[in-house]
file upload_9.txt (compact mmCIF, C-alpha atoms)
# COMPACT_ATOMS: atom_id res chain seq x y z
CA MET A 187 0.00 0.00 0.00
CA LYS A 188 2.57 2.52 1.15
CA PHE A 189 4.82 1.57 -1.72
CA LYS A 190 2.08 2.17 -4.26
CA ALA A 191 1.31 5.62 -2.88
CA MET A 192 5.00 6.51 -3.08
CA THR A 193 5.19 5.49 -6.71
CA ALA A 194 2.17 7.61 -7.47
CA VAL A 195 3.78 10.66 -5.91
CA VAL A 196 6.98 10.07 -7.83
CA ALA A 197 5.06 9.65 -11.06
CA LEU A 198 3.27 12.92 -10.39
CA ALA A 199 6.47 14.75 -9.71
CA ILE A 200 7.98 13.50 -12.95
CA SER A 201 5.01 14.31 -15.14
CA ALA A 202 4.24 17.70 -13.61
CA PRO A 203 6.99 19.68 -15.39
CA LEU A 204 5.81 18.24 -18.69
CA VAL A 205 2.31 19.51 -18.06
CA PHE A 206 3.65 22.95 -17.28
CA ALA A 207 5.90 22.93 -20.31
CA GLY A 208 2.81 22.82 -22.49
CA GLY A 209 0.05 25.36 -22.80
CA ALA A 210 0.04 29.05 -23.57
CA ASP A 211 2.09 31.35 -21.35
CA ASP A 212 0.63 34.08 -19.15
CA ASP A 213 2.61 37.01 -20.55
CA THR A 214 0.93 40.12 -21.86
CA LEU A 215 1.54 41.28 -25.38
CA ALA A 216 1.92 45.00 -25.87
CA ILE A 217 3.27 46.40 -29.14
CA ASP A 218 4.91 49.83 -28.79
CA GLY A 219 3.15 50.11 -25.44
CA GLU A 220 -0.30 49.32 -26.81
CA GLU A 221 -1.83 46.22 -25.29
CA MET A 222 -3.10 43.61 -27.73
CA ILE A 223 -6.09 41.34 -27.24
CA SER A 224 -4.07 38.15 -27.46
CA LYS A 225 -6.45 35.94 -25.45
CA THR A 226 -10.18 36.34 -25.40
CA ALA A 227 -13.49 34.47 -25.26
CA ALA A 228 -14.03 32.24 -28.26
CA PRO A 229 -16.67 33.40 -30.75
CA ALA A 230 -20.12 31.82 -30.41
CA HIS A 231 -19.70 29.57 -33.45
CA MET A 232 -16.88 27.71 -31.65
CA GLU A 233 -19.10 26.50 -28.85
CA GLU A 234 -19.03 22.90 -30.08
CA THR A 235 -15.21 22.83 -30.30
CA GLY A 236 -14.54 22.72 -26.57
CA ILE A 237 -12.30 25.80 -26.90
CA ASP A 238 -13.55 28.62 -24.72
CA THR A 239 -10.54 30.93 -25.03
CA ILE A 240 -8.89 31.81 -28.30
CA ILE A 241 -5.18 32.49 -28.04
CA SER A 242 -2.73 34.24 -30.31
CA GLY A 243 0.18 32.16 -31.61
CA TRP A 244 2.46 34.65 -29.83
CA HIS A 245 1.76 32.95 -26.48
CA PHE A 246 3.30 29.68 -27.68
CA ARG A 247 6.63 31.10 -28.80
CA GLU A 248 9.95 31.38 -26.94
CA ASP A 249 10.67 34.56 -24.97
CA ASP A 250 13.28 35.89 -27.39
CA THR A 251 10.97 35.48 -30.37
CA GLN A 252 8.15 37.06 -28.41
CA SER A 253 10.14 40.11 -27.45
CA MET A 254 10.95 40.94 -31.08
CA GLN A 255 7.29 41.58 -31.67
CA THR A 256 6.79 44.02 -28.82
CA ASP A 257 8.67 46.89 -30.44
CA SER A 258 8.23 47.89 -34.07
CA PHE A 259 11.93 48.81 -34.28
CA ASP A 260 12.95 45.32 -33.19
CA ASN A 261 10.45 43.56 -35.45
CA PRO A 262 12.31 42.39 -38.56
CA GLY A 263 8.98 42.12 -40.39
CA MET A 264 8.66 45.91 -40.29
CA ILE A 265 11.45 46.22 -42.87
CA PHE A 266 9.02 44.73 -45.38
CA VAL A 267 6.25 47.03 -44.25
CA ASP A 268 8.59 49.97 -44.91
CA GLN A 269 9.43 48.59 -48.34
CA ALA A 270 5.72 48.35 -49.14
CA MET A 271 5.34 51.97 -48.05
CA ASP A 272 7.80 52.90 -50.80
CA MET A 273 5.92 50.75 -53.33
CA TRP A 274 2.67 52.39 -52.25
CA SER A 275 3.63 55.63 -53.96
CA THR A 276 5.60 54.11 -56.84
CA VAL A 277 4.00 54.49 -60.28
CA GLU A 278 3.84 51.19 -62.14
CA GLY A 279 2.00 49.90 -65.19
CA GLU A 280 0.51 51.39 -68.37
CA ALA A 281 -2.07 53.53 -66.55
CA GLY A 282 0.67 55.57 -64.90
CA GLU A 283 -0.81 55.22 -61.43
CA SER A 284 0.41 54.29 -57.99
CA CYS A 285 -1.66 52.99 -55.10
CA ALA A 286 -1.29 56.43 -53.57
CA SER A 287 -2.64 58.29 -56.59
CA CYS A 288 -6.05 56.69 -56.10
CA HIS A 289 -6.14 55.81 -52.41
CA GLY A 290 -4.18 58.66 -50.86
CA ASP A 291 -2.80 57.65 -47.50
CA VAL A 292 -2.64 53.93 -46.72
CA SER A 293 -4.16 54.67 -43.31
CA THR A 294 -7.53 54.89 -45.09
CA PHE A 295 -7.40 51.10 -44.94
CA GLU A 296 -7.51 51.10 -41.15
CA GLY A 297 -9.89 48.31 -40.09
CA LEU A 298 -10.07 46.64 -43.51
CA THR A 299 -7.99 43.60 -42.51
CA THR A 300 -10.32 42.83 -39.59
CA LYS A 301 -13.05 42.15 -42.17
CA MET A 302 -10.99 39.95 -44.51
CA PRO A 303 -11.73 37.64 -46.27
CA LYS A 304 -15.07 39.03 -47.44
CA VAL A 305 -17.60 38.48 -50.21
CA ASN A 306 -17.53 41.12 -52.99
CA GLU A 307 -20.44 42.56 -54.97
CA ASP A 308 -20.23 39.67 -57.42
CA GLY A 309 -20.77 37.20 -54.62
CA GLU A 310 -17.17 35.95 -54.74
CA LEU A 311 -15.09 35.38 -51.65
CA VAL A 312 -11.97 37.53 -51.90
CA VAL A 313 -8.86 37.78 -49.77
CA MET A 314 -6.46 40.75 -49.58
CA GLU A 315 -4.16 39.34 -52.25
CA ASP A 316 -7.07 39.23 -54.72
CA ILE A 317 -7.98 42.86 -54.11
CA ILE A 318 -4.41 44.07 -54.48
CA ASN A 319 -3.82 42.14 -57.69
CA ASN A 320 -7.15 43.32 -59.05
CA CYS A 321 -6.06 46.93 -58.56
CA ARG A 322 -2.72 46.18 -60.13
CA THR A 323 -3.97 44.42 -63.25
CA GLU A 324 -7.30 46.21 -63.85
CA ARG A 325 -6.61 49.70 -62.57
CA MET A 326 -2.85 50.15 -62.95
CA GLN A 327 -2.40 47.82 -65.91
CA ALA A 328 0.61 46.41 -64.15
CA ASP A 329 1.65 42.77 -63.73
CA ALA A 330 0.01 40.71 -61.02
CA TRP A 331 2.21 40.01 -58.04
CA LYS A 332 3.08 36.43 -57.13
CA TRP A 333 0.89 35.25 -54.26
CA SER A 334 3.57 34.54 -51.68
CA GLY A 335 6.21 36.77 -53.24
CA ASN A 336 7.92 39.54 -51.34
CA ASP A 337 6.07 42.41 -53.03
CA MET A 338 2.63 40.97 -52.44
CA GLN A 339 3.16 39.89 -48.85
CA SER A 340 4.85 43.17 -47.97
CA MET A 341 1.80 45.05 -49.26
CA VAL A 342 -0.58 42.70 -47.41
CA ALA A 343 1.48 43.36 -44.28
CA LEU A 344 1.43 47.14 -44.78
CA ILE A 345 -2.36 47.15 -45.12
CA GLY A 346 -2.71 44.70 -42.20
CA ASN A 347 -0.49 46.86 -40.02
CA GLN A 348 -3.00 49.72 -40.39
CA SER A 349 -5.37 47.61 -38.24
CA LEU A 350 -2.79 46.76 -35.58
CA GLY A 351 -4.56 46.09 -32.26
CA MET A 352 -8.06 46.08 -33.75
CA PRO A 353 -10.05 42.89 -33.15
CA MET A 354 -10.68 40.49 -36.05
CA ASP A 355 -14.32 40.60 -37.11
CA VAL A 356 -14.99 38.64 -40.29
CA ALA A 357 -18.58 38.03 -41.39
CA ILE A 358 -19.62 34.38 -41.54
CA ASP A 359 -23.33 34.80 -42.30
CA GLY A 360 -25.28 36.00 -45.32
CA PRO A 361 -23.38 35.53 -48.58
CA ALA A 362 -20.31 34.32 -46.64
CA ALA A 363 -22.14 31.38 -45.06
CA GLU A 364 -21.57 28.90 -47.89
CA TYR A 365 -17.86 29.65 -48.09
CA TRP A 366 -17.56 29.46 -44.33
CA LYS A 367 -19.15 26.02 -44.30
CA GLN A 368 -16.76 24.83 -46.99
CA GLY A 369 -13.80 26.11 -44.98
CA LYS A 370 -15.08 24.48 -41.82
CA GLU A 371 -15.43 21.15 -43.56
CA MET A 372 -11.82 21.41 -44.72
CA TYR A 373 -10.69 22.23 -41.19
CA TYR A 374 -12.06 18.94 -39.94
CA THR A 375 -11.02 16.79 -42.93
CA ARG A 376 -8.27 14.31 -42.11
CA TYR A 377 -6.02 14.74 -45.13
CA GLY A 378 -3.18 12.63 -46.41
CA GLN A 379 -1.72 9.29 -45.54
CA LEU A 380 -1.24 10.47 -41.95
CA GLU A 381 -4.95 11.28 -41.85
CA LEU A 382 -4.61 14.46 -39.83
CA SER A 383 -6.96 17.45 -39.83
CA CYS A 384 -6.21 20.99 -38.79
CA ALA A 385 -8.35 20.28 -35.73
CA ASN A 386 -6.31 17.21 -34.74
CA CYS A 387 -3.31 19.45 -34.19
CA HIS A 388 -4.62 22.98 -33.56
CA GLU A 389 -7.85 22.22 -31.67
CA GLN A 390 -7.19 18.92 -29.87
CA ASN A 391 -3.50 19.43 -29.20
CA TYR A 392 -2.64 23.11 -28.93
CA GLY A 393 -0.27 23.63 -26.05
CA ASN A 394 1.34 20.24 -26.63
CA TYR A 395 4.69 19.74 -28.24
CA ILE A 396 4.86 17.75 -31.46
CA ARG A 397 8.54 16.88 -31.75
CA ALA A 398 10.24 20.29 -31.26
CA ASP A 399 7.20 22.36 -32.24
CA HIS A 400 4.92 23.91 -29.64
CA LEU A 401 1.47 23.61 -31.15
CA SER A 402 -0.63 26.78 -31.17
CA GLN A 403 -4.27 27.20 -32.17
CA GLY A 404 -3.15 27.95 -35.73
CA GLN A 405 -4.55 31.48 -35.68
CA ILE A 406 -3.91 33.87 -38.58
CA ASN A 407 -4.33 37.23 -36.81
CA GLY A 408 -0.58 37.89 -37.14
CA PHE A 409 -0.22 37.11 -40.85
CA PRO A 410 1.77 37.63 -42.93
CA THR A 411 4.22 36.55 -40.23
CA TYR A 412 7.96 37.12 -40.33
CA ARG A 413 9.71 33.76 -39.97
CA LEU A 414 13.20 33.99 -38.58
CA LYS A 415 14.15 30.64 -40.14
CA GLN A 416 13.29 31.87 -43.63
CA ALA A 417 14.06 35.55 -42.99
CA LYS A 418 10.97 36.66 -44.86
CA LEU A 419 7.22 37.18 -44.67
CA ILE A 420 5.10 34.03 -44.90
CA SER A 421 1.62 34.16 -46.43
CA LYS A 422 -1.39 32.45 -44.89
CA HIS A 423 -1.81 30.17 -47.87
CA ASN A 424 1.84 29.18 -47.77
CA ARG A 425 1.38 28.13 -44.14
CA PHE A 426 -1.79 26.17 -44.98
CA ARG A 427 -0.01 24.51 -47.89
CA GLY A 428 2.85 23.40 -45.65
CA CYS A 429 0.60 22.10 -42.90
CA ILE A 430 -1.37 19.93 -45.35
CA ARG A 431 1.76 18.76 -47.17
CA ASP A 432 3.16 17.56 -43.84
CA THR A 433 0.28 15.09 -43.50
CA ARG A 434 1.65 13.28 -46.59
CA ALA A 435 -1.18 14.74 -48.64
CA GLU A 436 -1.64 16.30 -52.03
CA THR A 437 -1.92 19.88 -50.86
CA PHE A 438 -3.88 22.77 -52.41
CA ALA A 439 -2.44 25.68 -54.35
CA GLU A 440 -1.86 29.13 -52.87
CA GLY A 441 -4.66 31.34 -54.17
CA SER A 442 -7.02 28.39 -54.71
CA ASP A 443 -10.72 28.71 -53.92
CA GLU A 444 -10.27 25.99 -51.31
CA PHE A 445 -7.69 28.06 -49.43
CA ARG A 446 -9.87 31.20 -49.67
CA ALA A 447 -12.67 29.30 -47.95
CA LEU A 448 -10.28 27.82 -45.39
CA GLU A 449 -8.84 31.28 -44.73
CA LEU A 450 -12.32 32.63 -43.99
CA TYR A 451 -13.04 29.82 -41.56
CA VAL A 452 -9.67 30.07 -39.80
CA ALA A 453 -10.00 33.88 -39.62
CA SER A 454 -13.42 33.45 -37.99
CA ARG A 455 -11.90 31.28 -35.26
CA GLY A 456 -9.84 34.35 -34.40
CA ASN A 457 -12.73 36.82 -34.29
CA GLY A 458 -11.98 38.97 -31.24
CA LEU A 459 -8.16 38.67 -31.36
CA SER A 460 -6.14 41.77 -32.26
CA VAL A 461 -4.51 42.04 -35.65
CA GLU A 462 -0.77 41.63 -34.93
CA THR A 463 0.58 41.93 -38.46
CA PRO A 464 3.45 41.36 -38.95
CA ALA A 465 3.91 38.85 -36.12
CA VAL A 466 7.30 37.20 -35.56
CA ARG A 467 7.77 33.43 -35.57
CA GLN A 468 10.81 31.21 -35.13
CA MET B 1201 -4.98 -41.10 -50.80
CA LYS B 1202 -5.80 -38.66 -53.51
CA LEU B 1203 -7.76 -36.52 -51.10
CA THR B 1204 -4.89 -36.25 -48.67
CA GLY B 1205 -2.67 -35.20 -51.54
CA ILE B 1206 -4.99 -32.31 -52.32
CA SER B 1207 -5.24 -31.07 -48.75
CA ALA B 1208 -1.49 -31.25 -48.43
CA ALA B 1209 -1.20 -29.00 -51.47
CA VAL B 1210 -3.73 -26.57 -49.98
CA VAL B 1211 -1.87 -26.47 -46.69
CA LEU B 1212 1.36 -25.84 -48.55
CA CYS B 1213 -0.16 -22.93 -50.44
CA ALA B 1214 -1.54 -21.45 -47.27
CA THR B 1215 1.80 -21.63 -45.49
CA ALA B 1216 3.50 -20.01 -48.45
CA ALA B 1217 1.01 -17.13 -48.37
CA ILE B 1218 1.64 -16.51 -44.68
CA ALA B 1219 5.39 -16.57 -45.12
CA ASN B 1220 5.24 -13.69 -47.59
CA PRO B 1221 4.71 -10.22 -46.17
CA ILE B 1222 1.00 -9.76 -45.56
CA ALA B 1223 -0.24 -6.88 -47.74
CA PRO B 1224 -1.68 -3.83 -45.90
CA GLY B 1225 -5.19 -4.62 -47.15
CA GLU B 1226 -4.94 -8.25 -45.98
CA VAL B 1227 -4.03 -7.71 -42.34
CA GLN B 1228 -6.42 -9.51 -39.97
CA TYR B 1229 -7.31 -7.36 -36.95
CA ASP B 1230 -9.29 -9.02 -34.16
CA GLU B 1231 -12.20 -7.23 -32.54
CA TYR B 1232 -9.86 -5.29 -30.22
CA GLY B 1233 -7.57 -4.22 -33.04
CA ALA B 1234 -4.78 -6.72 -32.30
CA VAL B 1235 -2.93 -8.67 -35.01
CA ALA B 1236 -1.81 -12.21 -34.23
CA ALA B 1237 0.71 -13.08 -36.94
CA SER B 1238 3.96 -11.40 -37.87
CA LEU B 1239 3.33 -9.19 -40.90
CA SER B 1240 6.63 -10.14 -42.49
CA GLY B 1241 6.72 -13.74 -41.36
CA SER B 1242 10.00 -13.02 -39.61
CA GLU B 1243 11.00 -11.82 -36.17
CA GLY B 1244 11.59 -8.17 -35.48
CA ASP B 1245 14.98 -6.54 -34.88
CA ALA B 1246 14.57 -4.29 -31.84
CA ALA B 1247 17.71 -2.25 -32.54
CA ASN B 1248 16.45 -1.32 -35.97
CA GLY B 1249 13.04 -0.61 -34.45
CA ALA B 1250 14.61 2.00 -32.18
CA LYS B 1251 16.14 3.73 -35.20
CA ILE B 1252 12.81 3.78 -37.04
CA MET B 1253 11.08 5.33 -34.05
CA VAL B 1254 13.28 8.42 -34.05
CA ASN B 1255 13.65 8.76 -37.84
CA ARG B 1256 11.51 11.68 -39.05
CA GLY B 1257 10.87 10.11 -42.46
CA LYS B 1258 9.92 6.74 -40.96
CA GLY B 1259 8.06 6.21 -37.69
CA ASN B 1260 8.92 9.52 -36.06
CA CYS B 1261 7.08 8.10 -33.06
CA VAL B 1262 8.90 10.42 -30.66
CA ALA B 1263 7.19 13.35 -32.41
CA CYS B 1264 4.16 12.39 -30.33
CA HIS B 1265 5.47 10.06 -27.62
CA ALA B 1266 8.09 10.42 -24.92
CA VAL B 1267 10.31 7.31 -24.66
CA THR B 1268 13.01 7.48 -22.00
CA ALA B 1269 15.04 4.75 -23.70
CA LEU B 1270 15.28 6.96 -26.80
CA ASN B 1271 16.35 10.12 -24.96
CA GLU B 1272 19.46 10.40 -27.11
CA ALA B 1273 17.23 11.68 -29.91
CA PRO B 1274 16.11 15.19 -28.92
CA PHE B 1275 12.61 16.65 -28.72
CA HIS B 1276 10.03 14.11 -27.70
CA GLY B 1277 6.45 15.24 -28.15
CA GLU B 1278 3.43 15.01 -25.87
CA VAL B 1279 0.52 14.41 -28.22
CA GLY B 1280 0.35 10.73 -27.23
CA PRO B 1281 1.12 8.99 -23.92
CA SER B 1282 4.65 8.10 -22.81
CA LEU B 1283 5.56 4.64 -24.08
CA ASP B 1284 7.75 3.80 -21.08
CA GLY B 1285 6.80 0.33 -19.85
CA VAL B 1286 4.37 -0.27 -22.72
CA GLY B 1287 5.92 -3.70 -23.31
CA SER B 1288 4.80 -4.83 -19.87
CA TYR B 1289 1.13 -3.98 -20.23
CA ARG B 1290 0.57 -4.53 -23.96
CA SER B 1291 0.96 -7.85 -25.74
CA GLU B 1292 2.96 -8.29 -28.92
CA GLU B 1293 -0.30 -8.79 -30.82
CA GLU B 1294 -1.80 -5.58 -29.47
CA LEU B 1295 1.33 -3.60 -30.23
CA ARG B 1296 1.43 -4.93 -33.80
CA GLY B 1297 -2.18 -3.87 -34.32
CA ILE B 1298 -1.58 -0.42 -32.78
CA VAL B 1299 1.45 0.32 -34.93
CA ALA B 1300 -0.13 -1.06 -38.13
CA ASN B 1301 -3.40 0.82 -37.67
CA ALA B 1302 -4.11 2.33 -34.26
CA LYS B 1303 -7.61 3.36 -35.34
CA LYS B 1304 -8.72 -0.25 -35.01
CA MET B 1305 -8.11 -0.06 -31.26
CA PHE B 1306 -8.52 3.66 -30.55
CA GLU B 1307 -11.40 4.90 -32.67
CA GLY B 1308 -10.70 8.26 -34.27
CA THR B 1309 -7.22 8.53 -32.73
CA VAL B 1310 -4.76 11.14 -33.91
CA MET B 1311 -2.11 8.43 -34.26
CA PRO B 1312 -1.45 7.67 -37.95
CA ALA B 1313 -1.74 4.17 -39.40
CA PHE B 1314 1.70 2.99 -40.44
CA TYR B 1315 0.62 -0.02 -42.48
CA LYS B 1316 -2.29 1.17 -44.58
CA THR B 1317 -2.43 2.27 -48.21
CA SER B 1318 -6.09 2.79 -48.97
CA GLY B 1319 -8.91 5.06 -47.92
CA SER B 1320 -6.97 8.24 -47.21
CA ILE B 1321 -8.13 11.61 -48.56
CA ARG B 1322 -5.82 13.24 -51.12
CA PRO B 1323 -2.84 10.98 -50.42
CA GLY B 1324 0.45 12.61 -51.34
CA ASP B 1325 3.70 11.40 -52.82
CA GLY B 1326 5.61 11.37 -49.53
CA TYR B 1327 6.09 14.90 -48.21
CA THR B 1328 6.27 16.59 -51.63
CA GLY B 1329 2.72 17.97 -51.49
CA LYS B 1330 2.10 16.36 -54.89
CA ALA B 1331 -0.57 13.76 -55.59
CA ALA B 1332 0.09 10.04 -55.39
CA GLU B 1333 -1.88 7.39 -57.19
CA GLU B 1334 -3.48 5.16 -54.64
CA GLU B 1335 -2.13 2.04 -56.34
CA ASP B 1336 1.43 3.40 -56.02
CA LEU B 1337 1.02 4.20 -52.36
CA MET B 1338 3.46 2.41 -50.07
CA PRO B 1339 2.74 1.97 -46.38
CA ILE B 1340 4.76 4.40 -44.25
CA LEU B 1341 6.57 1.44 -42.71
CA SER B 1342 7.22 -1.92 -44.38
CA ALA B 1343 6.01 -5.18 -42.86
CA GLN B 1344 9.48 -5.89 -41.48
CA GLU B 1345 9.82 -2.36 -40.11
CA ILE B 1346 6.54 -2.79 -38.23
CA GLU B 1347 7.91 -6.00 -36.72
CA ASP B 1348 11.14 -4.22 -35.80
CA VAL B 1349 9.22 -1.46 -34.01
CA VAL B 1350 7.05 -4.01 -32.19
CA ALA B 1351 10.19 -5.84 -31.08
CA PHE B 1352 11.59 -2.61 -29.69
CA LEU B 1353 8.34 -1.70 -27.91
CA LEU B 1354 8.44 -5.11 -26.19
CA THR B 1355 11.80 -4.19 -24.67
CA LEU B 1356 10.14 -1.23 -22.88
CA GLN B 1357 9.47 -2.98 -19.58
CA ASP B 1358 8.56 -1.46 -16.24
CA SER B 1359 11.77 -0.80 -14.35

call {"tool": "encode", "arguments": {"input": "upload_9.txt", "output": "C-alpha cells"}}
result
Amino acid sequence: MKFKAMTAVVALAISAPLVFAGGADDDTLAIDGEEMISKTAAPAHMEETGIDTIISGWHFREDDTQSMQTDSFDNPGMIFVDQAMDMWSTVEGEAGESCASCHGDVSTFEGLTTKMPKVNEDGELVVMEDIINNCRTERMQADAWKWSGNDMQSMVALIGNQSLGMPMDVAIDGPAAEYWKQGKEMYYTRYGQLELSCANCHEQNYGNYIRADHLSQGQINGFPTYRLKQAKLISKHNRFRGCIRDTRAETFAEGSDEFRALELYVASRGNGLSVETPAVRQ
Amino acid sequence: MKLTGISAAVVLCATAAIANPIAPGEVQYDEYGAVAASLSGSEGDAANGAKIMVNRGKGNCVACHAVTALNEAPFHGEVGPSLDGVGSYRSEEELRGIVANAKKMFEGTVMPAFYKTSGSIRPGDGYTGKAAEEEDLMPILSAQEIEDVVAFLLTLQDS
C-alpha cells in the first residue's frame, strides 16, 4: 500500500513539469506600449469545439521570439512594411498610377484587414491578395504580383499593419455562409496518408509539443508573419499549404478557392483577437 | 490417398502465403484491433526498431510520444502517452495492431496508421505535397519495419 502511494507521488512529480511545459504562457503582449487582445473568449460559433478561449500564436513562442514583436523597431517584419510603403507611392503599369494616386494615404485602410476575407459585390469570396492584384492588373495595368512573393506579402502586411490592435471581425453569415461552411469542412477533414486534420493538431493538441514544435491554435491574426528561419514574410496560404503537405497529402495551391474558404473559416476562429501583423515566428 | 494429396497442397499454399509479407489490405485485426501473426513472417529486430522510431521520415514516433530509452534523440512530443513500460502492459499482438493501424483499437485517434495504403483523402507522394496514385502508395513502414518497431516496444518494460 505505502509503496504504491509513493510510486504515485513520484510519477506525479515526474510528469508535472511536462504539463507545465505545455500550454500558452501568461505574458501580456503590448506592441509599442499598446496592449493587444491576445487571449479572449471564443466566438459563439466555436461553442461545439470545446475551446472557450482563443489564443494568439504569440503565447506559444519562446521569450526571445516574443520580445521581437513588442517593439516595431525590433520587429524584422517591419522592414518589409517599410518597403511596401515605398511601393505604395511608386507608379507602375501602363495607366501611370500608384496605389497612392487613387487611395491617398494607406491609413484609409484602417480596419479593412479585420473584415478579410469578405464576399464582394459579385458574390465571390476575396482575400487581400485578390484585391491588391485586381487593382494592379485592372486599374494600374501592371503585372500581377506572385501570391507569396515579397512584393505581395509586404503590401498585405502594410495594409494589415493599419489595423494593428483592432479585433478580427470577419462576417460568416449572409453571402459568406456557404464559403464558411466549406472552410469548416476542410478544417475537420483528415487529409493525407497520416490522416490528420487541422483540428487534430490545432484544436485537440494546442499547447502540446509535437517533436520540437509547440502547437498553437493555428490562428492567422498575425499574418503575414515574419519567420526567422526563412528571414521573410510568410503568407497564410503558404502556411496552410505546408501544414497539409506535412500530412503526406496532395496539398492545395496558394490562391485556390479551397484556401480562400479555409482562410475565412480560420480567420473566424480568431474573431476577437487583435490584428498583430506582422507577427514574428521562429 | 488422392484426397490427402490435395489437402497437403492446400496447406502448402496457405503456409507459403503466410510466409510472404501480408499486404496492408490483408491484415487480420481481431475485434480489439490486435494482429496475431507477424506481418513479415519473420522476427523483429529491436535495434532497428529503435532507429525507425526516431527517424523523421519513418516512424517519427517520438514526435508524439516520450520514450526514456530513446532520450538520445532530442525533442520528444506530448501528443500521445509516454511509451515507457508499454511492453509490460501490452501484448505483442496488441502492439502490432496499434502500430499497423491504431484506429482499429482507438477509434478516431490522432495516431497515424503505419501499415495502410487505402482510404486516405488526397494521399500525397511522400512529403512533396504532390498527388500520389493510390495504387502506387506504399505503407509508411514496411512489414518488417513494423515487426522491428514491435520488437523494440516489447523491450520497454517497467523498471

call {"tool": "interface_residues", "arguments": {"input": "upload_9.txt", "of": "chain A", "to": "chain B", "cutoff": "9 Å", "atoms": "all atoms listed in the file", "output": "PyMOL selection string"}}
result
chain A and resi 204+208+375-383+386-387+391+394-400+427-428+430-438

call {"tool": "closest_residue", "arguments": {"input": "upload_9.txt", "among": "B:Leu1283, B:Phe1306, B:Glu1293, B:Glu1334", "to": "Val1235 of chain B", "atoms": "all atoms listed in the file"}}
result
B:Glu1293

call {"tool": "residues_around", "arguments": {"input": "upload_9.txt", "residues": "Asp238 of chain A", "least_positions_apart": "3", "cutoff": "10 Å", "atoms": "only C-alpha atoms", "output": "tab-separated table (two decimals) with C-alpha atoms, keeping the file's coordinate frame"}}
result
chain	number	residue	atom	x	y	z
A	226	THR	CA	-10.18	36.34	-25.40
A	227	ALA	CA	-13.49	34.47	-25.26
A	228	ALA	CA	-14.03	32.24	-28.26
A	229	PRO	CA	-16.67	33.40	-30.75
A	230	ALA	CA	-20.12	31.82	-30.41
A	232	MET	CA	-16.88	27.71	-31.65
A	233	GLU	CA	-19.10	26.50	-28.85
A	234	GLU	CA	-19.03	22.90	-30.08
A	235	THR	CA	-15.21	22.83	-30.30
A	241	ILE	CA	-5.18	32.49	-28.04

call {"tool": "closest_atom_pairs", "arguments": {"input": "upload_9.txt", "of": "segment 243-269 of chain A", "to": "segment 457-464 of chain A", "cutoff": "12 Å", "atoms": "all atoms listed in the file", "output": "Markdown table"}}
result
| residue | atom | partner | partner_atom | distance |
| --- | --- | --- | --- | --- |
| A:Gly243 | CA | A:Glu462 | CA | 10.1 |
| A:Trp244 | CA | A:Glu462 | CA | 9.2 |
| A:Gln252 | CA | A:Glu462 | CA | 12.0 |
| A:Met254 | CA | A:Pro464 | CA | 10.9 |
| A:Gln255 | CA | A:Pro464 | CA | 8.2 |
| A:Thr256 | CA | A:Glu462 | CA | 10.0 |
| A:Asp257 | CA | A:Pro464 | CA | 11.4 |
| A:Ser258 | CA | A:Pro464 | CA | 9.5 |
| A:Asp260 | CA | A:Pro464 | CA | 11.8 |
| A:Asn261 | CA | A:Pro464 | CA | 8.1 |
| A:Pro262 | CA | A:Pro464 | CA | 8.9 |
| A:Gly263 | CA | A:Pro464 | CA | 5.8 |
| A:Met264 | CA | A:Pro464 | CA | 7.0 |
| A:Ile265 | CA | A:Pro464 | CA | 10.1 |
| A:Phe266 | CA | A:Pro464 | CA | 9.2 |
| A:Val267 | CA | A:Pro464 | CA | 8.3 |
| A:Asp268 | CA | A:Pro464 | CA | 11.7 |

call {"tool": "residues_around", "arguments": {"input": "upload_9.txt", "residues": "Gln1357 of chain B", "least_positions_apart": "6", "cutoff": "12 Å", "atoms": "only C-alpha atoms", "output": "ChimeraX atom specification"}}
result
/B:1267-1269,1283-1291,1351

call {"tool": "atom_distance", "arguments": {"input": "upload_9.txt", "atom1": "atom CA of Glu220 of chain A", "atom2": "atom CA of Met314 of chain A"}}
result
25.1 Å

call {"tool": "residues_around", "arguments": {"input": "upload_9.txt", "residues": "Leu344 of chain A", "least_positions_apart": "4", "cutoff": "12 Å", "atoms": "all atoms listed in the file", "output": "PyMOL selection string"}}
result
chain A and resi 263-274+291-296+298-299+314+318+336-340+348-350+409-411+419+462-464

call {"tool": "closest_residue", "arguments": {"input": "upload_9.txt", "among": "B:Leu1356, B:Ala1273, B:Ala1234, B:Val1349", "to": "Glu1294 of chain B", "atoms": "only C-alpha atoms"}}
result
B:Ala1234

call {"tool": "atom_distance", "arguments": {"input": "upload_9.txt", "atom1": "atom CA of Ala453 of chain A", "atom2": "atom CA of His388 of chain A"}}
result
13.6 Å

call {"tool": "residues_near_point", "arguments": {"input": "upload_9.txt", "point": "(12.1, -13.8, -31.9)", "cutoff": "12 Å", "atoms": "all atoms listed in the file", "output": "list in words"}}
result
Ser1238, Gly1241, Ser1242, Glu1243, Gly1244, Asp1245, Ala1246, Glu1292, Glu1347, Asp1348, Val1350, Ala1351, Phe1352 and Leu1354 of chain B

call {"tool": "atom_distance", "arguments": {"input": "upload_9.txt", "atom1": "atom CA of Asp213 of chain A", "atom2": "atom CA of Gly236 of chain A"}}
result
23.1 Å
